[in-house]
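J.: The file below is protein.cif, mmCIF, C-alpha atoms:
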```cif
data_entry
loop_
_atom_site.group_PDB
_atom_site.id
_atom_site.type_symbol
_atom_site.label_atom_id
_atom_site.label_comp_id
_atom_site.auth_asym_id
_atom_site.auth_seq_id
_atom_site.Cartn_x
_atom_site.Cartn_y
_atom_site.Cartn_z
ATOM 1 C CA MET A 8 53.872 -27.545 23.861
ATOM 2 C CA THR A 9 55.345 -28.637 27.193
ATOM 3 C CA GLU A 10 53.527 -30.608 29.891
ATOM 4 C CA LEU A 11 53.714 -27.588 32.201
ATOM 5 C CA GLN A 12 52.006 -25.431 29.591
ATOM 6 C CA LEU A 13 49.307 -28.054 29.036
ATOM 7 C CA THR A 14 48.785 -28.204 32.799
ATOM 8 C CA SER A 15 48.265 -24.459 32.868
ATOM 9 C CA ILE A 16 45.560 -24.734 30.189
ATOM 10 C CA ARG A 17 43.965 -27.739 31.871
ATOM 11 C CA ASN A 18 43.777 -26.118 35.310
ATOM 12 C CA TYR A 19 42.223 -22.981 33.862
ATOM 13 C CA LEU A 20 39.509 -24.978 32.098
ATOM 14 C CA LEU A 21 38.818 -27.109 35.177
ATOM 15 C CA GLU A 22 38.014 -23.892 37.050
ATOM 16 C CA LYS A 23 35.207 -23.281 34.536
ATOM 17 C CA LYS A 24 33.329 -26.407 35.716
ATOM 18 C CA LEU A 25 32.903 -27.791 32.220
ATOM 19 C CA PRO A 26 31.936 -31.431 31.667
ATOM 20 C CA ILE A 27 35.183 -33.255 31.000
ATOM 21 C CA ASP A 28 34.180 -34.432 27.520
ATOM 22 C CA ILE A 29 33.530 -30.799 26.563
ATOM 23 C CA LEU A 30 36.657 -29.616 28.376
ATOM 24 C CA LEU A 31 38.765 -31.915 26.197
ATOM 25 C CA GLU A 32 37.306 -30.362 23.057
ATOM 26 C CA VAL A 33 37.830 -26.823 24.344
ATOM 27 C CA GLN A 34 41.375 -27.744 25.398
ATOM 28 C CA ASP A 35 42.130 -28.810 21.818
ATOM 29 C CA HIS A 36 40.849 -25.444 20.591
ATOM 30 C CA PHE A 37 43.001 -23.650 23.166
ATOM 31 C CA VAL A 38 46.134 -25.533 22.130
ATOM 32 C CA SER A 39 45.493 -24.910 18.439
ATOM 33 C CA GLN A 40 44.702 -21.234 18.982
ATOM 34 C CA ILE A 41 47.772 -20.677 21.172
ATOM 35 C CA ASN A 42 50.042 -22.393 18.637
ATOM 36 C CA ASP A 43 48.640 -20.223 15.857
ATOM 37 C CA LEU A 44 49.152 -17.035 17.887
ATOM 38 C CA GLN A 45 52.726 -17.996 18.720
ATOM 39 C CA LYS A 46 53.508 -18.596 15.039
ATOM 40 C CA GLU A 47 51.573 -15.740 13.474
ATOM 41 C CA GLU A 48 52.164 -13.008 16.073
ATOM 42 C CA ASN A 49 55.393 -14.289 17.577
ATOM 43 C CA LEU A 50 53.905 -14.258 21.094
ATOM 44 C CA SER A 51 55.211 -16.045 24.155
ATOM 45 C CA PHE A 52 53.100 -18.863 25.571
ATOM 46 C CA ASP A 53 51.864 -16.705 28.466
ATOM 47 C CA ASP A 54 50.820 -13.869 26.161
ATOM 48 C CA ALA A 55 49.168 -16.258 23.717
ATOM 49 C CA LEU A 56 47.331 -17.977 26.588
ATOM 50 C CA THR A 57 46.097 -14.656 27.945
ATOM 51 C CA LYS A 58 44.843 -13.602 24.508
ATOM 52 C CA THR A 59 43.118 -16.964 24.052
ATOM 53 C CA LYS A 60 41.459 -16.710 27.476
ATOM 54 C CA ASN A 61 40.153 -13.265 26.581
ATOM 55 C CA SER A 62 38.698 -14.516 23.308
ATOM 56 C CA TRP A 63 36.809 -17.269 25.175
ATOM 57 C CA GLN A 64 35.765 -15.140 28.144
ATOM 58 C CA ASN A 65 32.147 -14.636 27.066
ATOM 59 C CA GLU A 66 31.720 -18.351 26.382
ATOM 60 C CA LEU A 67 33.359 -19.689 29.541
ATOM 61 C CA LYS A 68 32.426 -17.204 32.266
ATOM 62 C CA PRO A 69 29.903 -18.818 34.696
ATOM 63 C CA TYR A 70 26.880 -16.689 35.570
ATOM 64 C CA TRP A 71 23.283 -16.927 36.781
ATOM 65 C CA ASN A 72 20.827 -16.003 34.040
ATOM 66 C CA GLY A 73 17.834 -15.358 36.304
ATOM 67 C CA GLU A 74 16.115 -18.696 35.654
ATOM 68 C CA LEU A 75 14.982 -21.332 38.161
ATOM 69 C CA ASP A 76 18.334 -23.066 37.829
ATOM 70 C CA LEU A 77 20.304 -21.197 40.513
ATOM 71 C CA GLN A 78 23.654 -22.719 39.576
ATOM 72 C CA ASP A 79 26.155 -20.522 37.774
ATOM 73 C CA ARG A 80 26.831 -21.887 34.304
ATOM 74 C CA SER A 81 28.752 -20.564 31.339
ATOM 75 C CA LYS A 82 27.096 -19.614 28.058
ATOM 76 C CA LEU A 83 28.877 -22.520 26.380
ATOM 77 C CA LEU A 84 27.590 -25.026 28.940
ATOM 78 C CA ARG A 85 24.027 -23.709 28.741
ATOM 79 C CA ASN A 86 24.065 -24.066 24.973
ATOM 80 C CA ILE A 87 25.480 -27.587 25.184
ATOM 81 C CA ASN A 88 22.904 -28.638 27.791
ATOM 82 C CA ARG A 89 20.105 -27.162 25.672
ATOM 83 C CA ASN A 90 21.332 -28.902 22.522
ATOM 84 C CA ASN A 91 21.727 -32.210 24.369
ATOM 85 C CA PHE A 92 18.209 -31.975 25.781
ATOM 86 C CA TRP A 93 16.506 -31.179 22.490
ATOM 87 C CA SER A 94 18.569 -33.647 20.483
ATOM 88 C CA LEU A 95 17.820 -36.519 22.879
ATOM 89 C CA THR A 96 14.172 -35.476 23.237
ATOM 90 C CA LYS A 97 13.515 -35.315 19.499
ATOM 91 C CA LYS A 98 15.182 -38.665 18.874
ATOM 92 C CA SER A 99 13.369 -40.312 21.804
ATOM 93 C CA VAL A 100 9.984 -38.938 20.729
ATOM 94 C CA CYS A 101 10.506 -40.215 17.163
ATOM 95 C CA TYR A 102 11.370 -43.724 18.336
ATOM 96 C CA THR A 103 8.535 -43.682 20.866
ATOM 97 C CA LEU A 104 6.037 -42.762 18.155
ATOM 98 C CA LEU A 105 7.348 -45.617 15.983
ATOM 99 C CA ILE A 106 6.735 -48.100 18.814
ATOM 100 C CA ILE A 107 3.289 -46.599 19.493
ATOM 101 C CA PHE A 108 2.438 -46.844 15.788
ATOM 102 C CA PHE A 109 3.589 -50.479 15.644
ATOM 103 C CA LEU A 110 1.489 -51.367 18.688
ATOM 104 C CA PHE A 111 -1.483 -49.472 17.255
ATOM 105 C CA ILE A 112 -1.321 -51.433 13.978
ATOM 106 C CA LEU A 113 -0.906 -54.683 15.893
ATOM 107 C CA SER A 114 -3.939 -53.894 18.067
ATOM 108 C CA LYS A 115 -6.035 -53.556 14.903
ATOM 109 C CA ILE A 116 -4.981 -56.743 13.151
ATOM 110 C CA ALA A 117 -4.381 -59.177 16.019
ATOM 111 C CA SER A 118 -6.616 -60.700 18.635
ATOM 112 C CA PHE A 119 -6.407 -59.163 22.097
ATOM 113 C CA THR A 120 -4.948 -62.388 23.517
ATOM 114 C CA TYR A 121 -2.029 -62.201 21.083
ATOM 115 C CA PHE A 122 -1.737 -58.417 21.296
ATOM 116 C CA LYS A 123 -1.497 -58.261 25.092
ATOM 117 C CA TYR A 124 1.454 -60.684 25.188
ATOM 118 C CA VAL A 125 3.321 -58.852 22.435
ATOM 119 C CA PHE A 126 2.507 -55.494 24.047
ATOM 120 C CA VAL A 127 3.801 -56.501 27.470
ATOM 121 C CA THR A 128 6.912 -58.169 25.995
ATOM 122 C CA VAL A 129 7.886 -55.234 23.745
ATOM 123 C CA VAL A 130 7.253 -52.532 26.320
ATOM 124 C CA PHE A 131 8.857 -54.436 29.178
ATOM 125 C CA LEU A 132 11.999 -55.151 27.124
ATOM 126 C CA LEU A 133 12.287 -51.448 26.345
ATOM 127 C CA PHE A 134 11.867 -50.625 30.025
ATOM 128 C CA PHE A 135 14.364 -53.244 31.132
ATOM 129 C CA TYR A 136 17.126 -52.618 28.590
ATOM 130 C CA PRO A 137 18.575 -49.522 30.361
ATOM 131 C CA PHE A 138 18.860 -51.578 33.582
ATOM 132 C CA ILE A 139 20.714 -54.360 31.770
ATOM 133 C CA ASN A 140 22.987 -51.923 29.961
ATOM 134 C CA TYR A 141 23.729 -50.011 33.156
ATOM 135 C CA PHE A 142 24.794 -53.050 35.163
ATOM 136 C CA ARG A 143 26.576 -54.669 32.215
ATOM 137 C CA ASN A 144 28.745 -51.529 31.986
ATOM 138 C CA TRP A 145 28.863 -50.921 35.718
ATOM 139 C CA LYS A 146 32.581 -50.049 35.760
ATOM 140 C CA GLU A 147 32.055 -47.206 33.305
ATOM 141 C CA PHE A 148 28.866 -45.842 34.845
ATOM 142 C CA ARG A 149 30.198 -45.881 38.398
ATOM 143 C CA LEU A 150 32.959 -43.467 37.364
ATOM 144 C CA PHE A 151 30.693 -40.449 37.693
ATOM 145 C CA ASN A 152 30.014 -41.517 41.276
ATOM 146 C CA GLU A 153 33.722 -41.926 41.957
ATOM 147 C CA TYR A 154 34.320 -38.446 40.546
ATOM 148 C CA ASN A 155 31.085 -36.771 41.565
ATOM 149 C CA ASP A 156 32.783 -33.408 42.081
ATOM 150 C CA TYR A 157 32.974 -33.264 38.301
ATOM 151 C CA ILE A 158 30.652 -33.854 35.381
ATOM 152 C CA LEU A 159 32.453 -36.416 33.253
ATOM 153 C CA ILE A 160 30.045 -36.546 30.319
ATOM 154 C CA SER A 161 27.606 -33.782 29.447
ATOM 155 C CA VAL A 162 24.650 -36.210 29.064
ATOM 156 C CA GLN A 163 25.316 -38.317 32.152
ATOM 157 C CA GLU A 164 22.313 -36.947 34.064
ATOM 158 C CA TYR A 165 20.014 -38.754 31.606
ATOM 159 C CA THR A 166 21.756 -42.133 31.818
ATOM 160 C CA THR A 167 20.163 -43.041 35.163
ATOM 161 C CA LEU A 168 16.784 -41.455 34.496
ATOM 162 C CA PHE A 169 15.182 -44.902 34.414
ATOM 163 C CA LEU A 170 16.074 -45.498 38.084
ATOM 164 C CA GLY A 171 13.609 -42.813 39.130
ATOM 165 C CA GLY A 172 10.816 -44.731 37.401
ATOM 166 C CA ALA A 173 11.631 -48.147 38.847
ATOM 167 C CA TYR A 174 8.346 -48.227 40.795
ATOM 168 C CA PHE A 175 6.330 -47.626 37.623
ATOM 169 C CA TYR A 176 8.264 -50.279 35.724
ATOM 170 C CA PHE A 177 7.440 -52.922 38.308
ATOM 171 C CA ARG A 178 3.856 -51.695 38.474
ATOM 172 C CA PHE A 179 3.619 -52.127 34.714
ATOM 173 C CA PHE A 180 5.009 -55.646 35.035
ATOM 174 C CA ALA A 181 2.267 -56.451 37.564
ATOM 175 C CA GLU A 182 -0.568 -54.774 35.624
ATOM 176 C CA GLY A 183 0.709 -55.061 32.051
ATOM 177 C CA PHE A 184 -2.349 -56.829 30.632
ATOM 178 C CA ILE A 185 -4.658 -54.172 32.082
ATOM 179 C CA VAL A 186 -2.486 -51.438 30.582
ATOM 180 C CA ALA A 187 -2.541 -53.302 27.249
ATOM 181 C CA GLU A 188 -6.339 -53.298 27.316
ATOM 182 C CA HIS A 189 -6.444 -49.576 28.101
ATOM 183 C CA PHE A 190 -3.949 -48.913 25.315
ATOM 184 C CA GLN A 191 -6.003 -50.842 22.765
ATOM 185 C CA MET A 192 -9.285 -49.260 23.860
ATOM 186 C CA PHE A 193 -7.768 -45.762 23.694
ATOM 187 C CA PHE A 194 -7.838 -45.954 19.875
ATOM 188 C CA VAL A 195 -11.427 -47.195 19.878
ATOM 189 C CA ALA A 196 -13.109 -44.836 22.344
ATOM 190 C CA PRO A 197 -10.616 -42.376 23.917
ATOM 191 C CA ASP A 198 -13.270 -40.742 26.078
ATOM 192 C CA SER A 199 -12.395 -42.377 29.384
ATOM 193 C CA LYS A 200 -10.017 -40.726 31.818
ATOM 194 C CA ASN A 201 -8.452 -44.101 32.656
ATOM 195 C CA LEU A 202 -7.818 -44.855 28.984
ATOM 196 C CA ILE A 203 -6.169 -41.480 28.418
ATOM 197 C CA LEU A 204 -4.032 -41.818 31.542
ATOM 198 C CA GLY A 205 -3.062 -45.357 30.515
ATOM 199 C CA PHE A 206 -1.931 -44.167 27.089
ATOM 200 C CA ILE A 207 0.056 -41.264 28.574
ATOM 201 C CA PHE A 208 1.598 -43.647 31.129
ATOM 202 C CA VAL A 209 2.842 -45.968 28.369
ATOM 203 C CA PHE A 210 4.090 -43.079 26.217
ATOM 204 C CA ILE A 211 6.098 -41.530 29.053
ATOM 205 C CA LEU A 212 7.694 -44.819 30.110
ATOM 206 C CA ILE A 213 8.712 -45.693 26.550
ATOM 207 C CA PHE A 214 10.023 -42.159 26.025
ATOM 208 C CA ALA A 215 12.045 -42.248 29.277
ATOM 209 C CA SER A 216 13.492 -45.628 28.287
ATOM 210 C CA PHE A 217 14.670 -44.344 24.907
ATOM 211 C CA LEU A 218 16.060 -41.211 26.558
ATOM 212 C CA ALA A 219 18.141 -43.401 28.880
ATOM 213 C CA ILE A 220 19.177 -45.771 26.074
ATOM 214 C CA PHE A 221 20.439 -43.016 23.771
ATOM 215 C CA SER A 222 22.197 -41.079 26.541
ATOM 216 C CA GLN A 223 23.864 -44.278 27.780
ATOM 217 C CA LYS A 224 25.145 -44.934 24.263
ATOM 218 C CA ILE A 225 26.669 -41.443 24.082
ATOM 219 C CA TYR A 226 28.134 -41.803 27.568
ATOM 220 C CA LEU A 227 29.835 -45.127 26.784
ATOM 221 C CA GLN A 228 31.295 -43.723 23.570
ATOM 222 C CA ARG A 229 32.698 -40.602 25.206
ATOM 223 C CA ILE A 230 33.896 -42.082 28.488
ATOM 224 C CA GLU A 231 36.674 -43.916 26.645
ATOM 225 C CA LYS A 232 38.118 -40.562 25.608
ATOM 226 C CA VAL A 233 37.701 -39.176 29.126
ATOM 227 C CA LYS A 234 39.354 -42.066 30.983
ATOM 228 C CA PRO A 235 42.964 -40.946 30.281
ATOM 229 C CA PHE A 236 42.069 -37.530 31.720
ATOM 230 C CA LEU A 237 40.930 -39.002 35.048
ATOM 231 C CA GLN A 238 44.534 -39.005 36.277
ATOM 232 C CA TYR A 239 44.255 -35.229 36.584
ATOM 233 C CA LEU A 240 41.062 -35.360 38.676
ATOM 234 C CA LYS A 241 40.641 -35.991 42.396
ATOM 235 C CA PRO A 242 38.332 -38.919 43.220
ATOM 236 C CA SER A 243 35.539 -38.164 45.668
ATOM 237 C CA ASN A 244 36.056 -39.226 49.265
#
```
Let me see whether you can do it: turn the structure in this file into structure tokens.
T.:
Amino acid sequence: MTELQLTSIRNYLLEKKLPIDILLEVQDHFVSQINDLQKEENLSFDDALTKTKNSWQNELKPYWNGELDLQDRSKLLRNINRNNFWSLTKKSVCYTLLIIFFLFILSKIASFTYFKYVFVTVVFLLFFYPFINYFRNWKEFRLFNEYNDYILISVQEYTTLFLGGAYFYFRFFAEGFIVAEHFQMFFVAPDSKNLILGFIFVFILIFASFLAIFSQKIYLQRIEKVKPFLQYLKPSN
């Protein structure tokens, strides 16, 4: 397949506003499908491309589905976003529950003096890791700001989720021992509003940290495949 033909496929898919990592996968399917049609049905490239476009029309056509999200999105993109959300959520919840269980066991077998230091250290390290990872890989993460007219990686919206909770992270750092006490007491007498809110506060922060950690891992893996494609994109002004 010639470069001009690949450009024709690429420009068509860019019009569909797909995340670039997904676009690359769809582009591979397009190329394979077009090659098969040319061999099996003896079609020209243009005819094979048209037939391939028609076969993907229902998957790639952007539309509004009547939900609160007013942006037009294709069926394919909605499915990918839904799968990303549930996959990351399930994994983050599982890891969060493991940390909660570990801290619960520790609160039962250790003195409060020991527990509060371990609690603050473990939770704070989980909170802080996405910050470290983000700035350690600054060159990669800044790419979606340099090309903010595009979505480079389908999970990139989750990679900076931790920034929105920066205030709560620093509040935890300042009041960590108090939160540790509320957390420990929650399993003894969970009848106080403050204890319940403290437990929920810790759960949400740990969950958000894992969500950022796992999405950052996916982003860093996929951005390497996307980088060669950036030559075909226009950087933001």
J.: What is the CA of Arg80 in chain A to CA of Ile211 in chain A distance in Å?
T.: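 Atom-to-atom, CA of Arg80 in chain A and CA of Ile211 in chain A are spaced 29.0 Å apart.
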J.: For range 218-231 of chain A, work out the shell of residues within 7 Å, counting all atoms listed in the file and skipping chain neighbours fewer than 3 positions away, then give it as a list in words.
T.: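 The neighbour list is Asp28, Leu95, Thr96, Ser99, Pro137, Ile160, Val162, Gln163, Tyr165, Thr166, Thr167, Leu168, Phe169, Phe214, Ala215 and Lys234 of chain A.
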J.: Which residue gives the smallest distance to Trp63 in chain A among A:Gln191, A:Gln34, A:Asn91, A:Asn144, with all atoms listed in the file counted?
T.: A:Gln34
J.: Name the closest residue to Phe190 in chain A among the candidates A:Ala117, A:Leu110, A:Ile16, A:Leu105; distances are taken between atoms, counting all atoms listed in the file.
T.: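 Checking each candidate against Phe190 in chain A, we get A:Leu110 as the closest.
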J.: Pick the closest to Lys123 in chain A from A:Tyr154, A:Phe210, A:Tyr136, A:Phe111: which is it, counting all atoms listed in the file?
T.: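 Selected residue with least distance to Lys123 in chain A: A:Phe111.
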J.: So how many Å separate CA of Glu188 in chain A and CA of Val125 in chain A, to one decimal?
T.: 12.2 Å
J.: Give me, please, the distance in Å between CA of Ala55 in chain A and CA of Ser15 in chain A, quoted to one decimal.
T.: 12.3 Å
J.: Taking all atoms listed in the file into account, which of A:Glu147, A:Glu48, A:Glu66, A:Glu164 comes nearest Lys23 in chain A?
T.: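 Of the candidates, the smallest distance to Lys23 in chain A is held by A:Glu66.
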J.: Looking at A:Ser243, A:Ser62, A:Thr120, A:Ser81, which one is nearest to Tyr157 in chain A, with distances taken over only C-alpha atoms?
T.: A:Ser243
J.: Report as a PyMOL selection string the full result of the PyMOL selection byres ((chain A and resi 85-88) around 10) when it is applied to this structure.
T.: chain A and resi 26+29+66+69+72+79-84+89-94+161-162
J.: Name the closest residue to Gly183 in chain A among the candidates A:Leu44, A:Ile116, A:Val129, A:Leu21; distances are taken between atoms, counting all atoms listed in the file.
T.: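 Going through A:Leu44, A:Ile116, A:Val129, A:Leu21 one by one, the smallest distance to Gly183 in chain A is for A:Val129.
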J.: Within 12 Å of Ser39 in chain A, counting only C-alpha atoms, which residues qualify if same-chain residues fewer than 6 places away don't, as JSON, numbers by chain?
T.: {"A": [8, 13, 16, 32, 33, 45, 46, 55, 56, 59]}
J.: Once 5 Å is added on each side, what centre and edge lengths in Å to one decimal does the axis-aligned box around all listed atoms of range 229-236 of chain A have, as lines of an AutoDock Vina configuration file?
T.:
```
center_x = 37.8
center_y = -40.7
center_z = 28.5
size_x = 20.3
size_y = 16.4
size_z = 16.5
```
